[in-house]
Amino acid sequence: MTDNNEDIYVAANSSGHGDFSVDISPERAGWGFSGLKVLNLAPGEKQELATGPDEILVLPLSGSCDVTVDGKDYHLDGRSGVFAEITDFLYVGRNEAPTITSKDGGRFALPSARASRALPTQYYGRDKVRVDLRGAGDCSRQVNNYALANGVETSHLLCCEVLTPGGNWSSYPAHKHDETTADERELEEIYYFEIAQGPTGEGFAFHRTYGTPDRPIELTKEVHSGDVVLIPHGYHGPTVAAPGYDLYYLNVMAGPAEDLVWMSTDDPHYHWIRDTWEHEAIDPRLPMAH
């Protein structure tokens, strides 16, 4: 990977094909573990998959679906949309051949990681999703943990989604997780964005990724629904929601460790902002999705 803007920013639909609007494998990203597909199914349509060396989640973005794995059927109630509810989801391990069918149609994220272990298929209900409210004031956001700090067993995959009310700053202060230390884990990360509609259509957000002197990288980009940013290393944040337009992003993370721990270190120049949050209330617009 040659960490320039063309490599780490993937415009909406530019990586997709067929029913997939996003298709990013570790090979496409130029790294070792993290991947993401977004599957769009028309009513009654189905898609056959092969996980190969990867473990995946079937994570509805909108709509419901049925998933058949090794002759067993699983129903996912899903949700009407990412800004309205959290969702149930399914874990599928490596070397499986799931088939996804949606009676009424929908969109389904398939976050993935290259897996070291073969783990069994497992259904998780909404009650398994840990919801955190982070930050305060105009740095408030909601984090829905699907495979992160909530007891969901994976081999390498970590996955959460972040909801940020319009006008707020998210992924802030800027932080990094590109080495394994007592305070950090080496984790490749994918950001997949969706922006809420306003009175005249879709809005936008801004995202920044930047490096250190010994590992430079730079991206400051206006992002829209369906866009993807790849973060191989470096600080990332802020991700800023334009006023009037709520922001959603799905985070997919994986790295060489199998301890399923997410740890990051802040850019020391901006770490002080955390001390101000104890004197501010969380944005009353949160939680957004239940």
# chains A, B, ... in the order shown; residues from 1 in each chain; ligands from 1
call {"tool": "residues_around", "arguments": {"residues": "segment 85-98 of chain A", "least_positions_apart": "5", "cutoff": "9 Å", "atoms": "only C-alpha atoms", "output": "ChimeraX atom specification"}}
result
/A:47-61,67-70,74,76-80,114-129,144,146,152-155,288-290
call {"tool": "select_by_dssp", "arguments": {"residues": "segment 99-248 of chain A", "states": "strand (DSSP E)", "output": "MDAnalysis selection string"}}
result
chainID A and resid 99:101 106:114 122:124 130:134 141:147 158:164 169:170 175:176 188:195 197:198 201:202 205:212 215:223 228:231 235:241 247:248
call {"tool": "closest_residue", "arguments": {"among": "A:Ala174, A:Val252, A:Ile195, A:Ala242", "to": "Tyr270 of chain A", "atoms": "only C-alpha atoms"}}
result
A:Ala174
call {"tool": "residues_around", "arguments": {"residues": "Phe204 of chain A", "least_positions_apart": "5", "cutoff": "10 Å", "atoms": "only C-alpha atoms", "output": "list of chain:residue names"}}
result
A:Gly166, A:Phe193, A:Glu194, A:Ile195, A:Ala196, A:Gln197, A:Glu222, A:Val223, A:His224, A:Ser225, A:Val240, A:Ala241, A:Ala242, A:Pro243, A:Gly244, A:Tyr245, A:Asp246, A:Leu247
call {"tool": "write_last_selection", "arguments": {"atoms": "C-alpha atoms", "output": "compact mmCIF listing (two decimals), in the first residue's frame"}}
result
# COMPACT_ATOMS: atom_id res chain seq x y z
CA GLY A 166 -25.35 16.72 13.05
CA PHE A 193 -20.02 6.11 5.94
CA GLU A 194 -23.72 6.85 5.62
CA ILE A 195 -25.20 10.35 5.94
CA ALA A 196 -28.80 11.14 6.90
CA GLN A 197 -31.09 12.90 4.48
CA GLU A 222 -15.43 15.37 2.37
CA VAL A 223 -17.28 12.05 2.61
CA HIS A 224 -20.74 10.94 1.52
CA SER A 225 -22.95 7.88 1.88
CA VAL A 240 -17.21 15.76 11.67
CA ALA A 241 -20.94 15.67 10.91
CA ALA A 242 -22.17 18.73 9.02
CA PRO A 243 -24.82 20.67 10.97
CA GLY A 244 -28.27 19.35 10.12
CA TYR A 245 -27.02 15.97 8.89
CA ASP A 246 -26.58 13.04 11.26
CA LEU A 247 -23.61 10.81 10.53
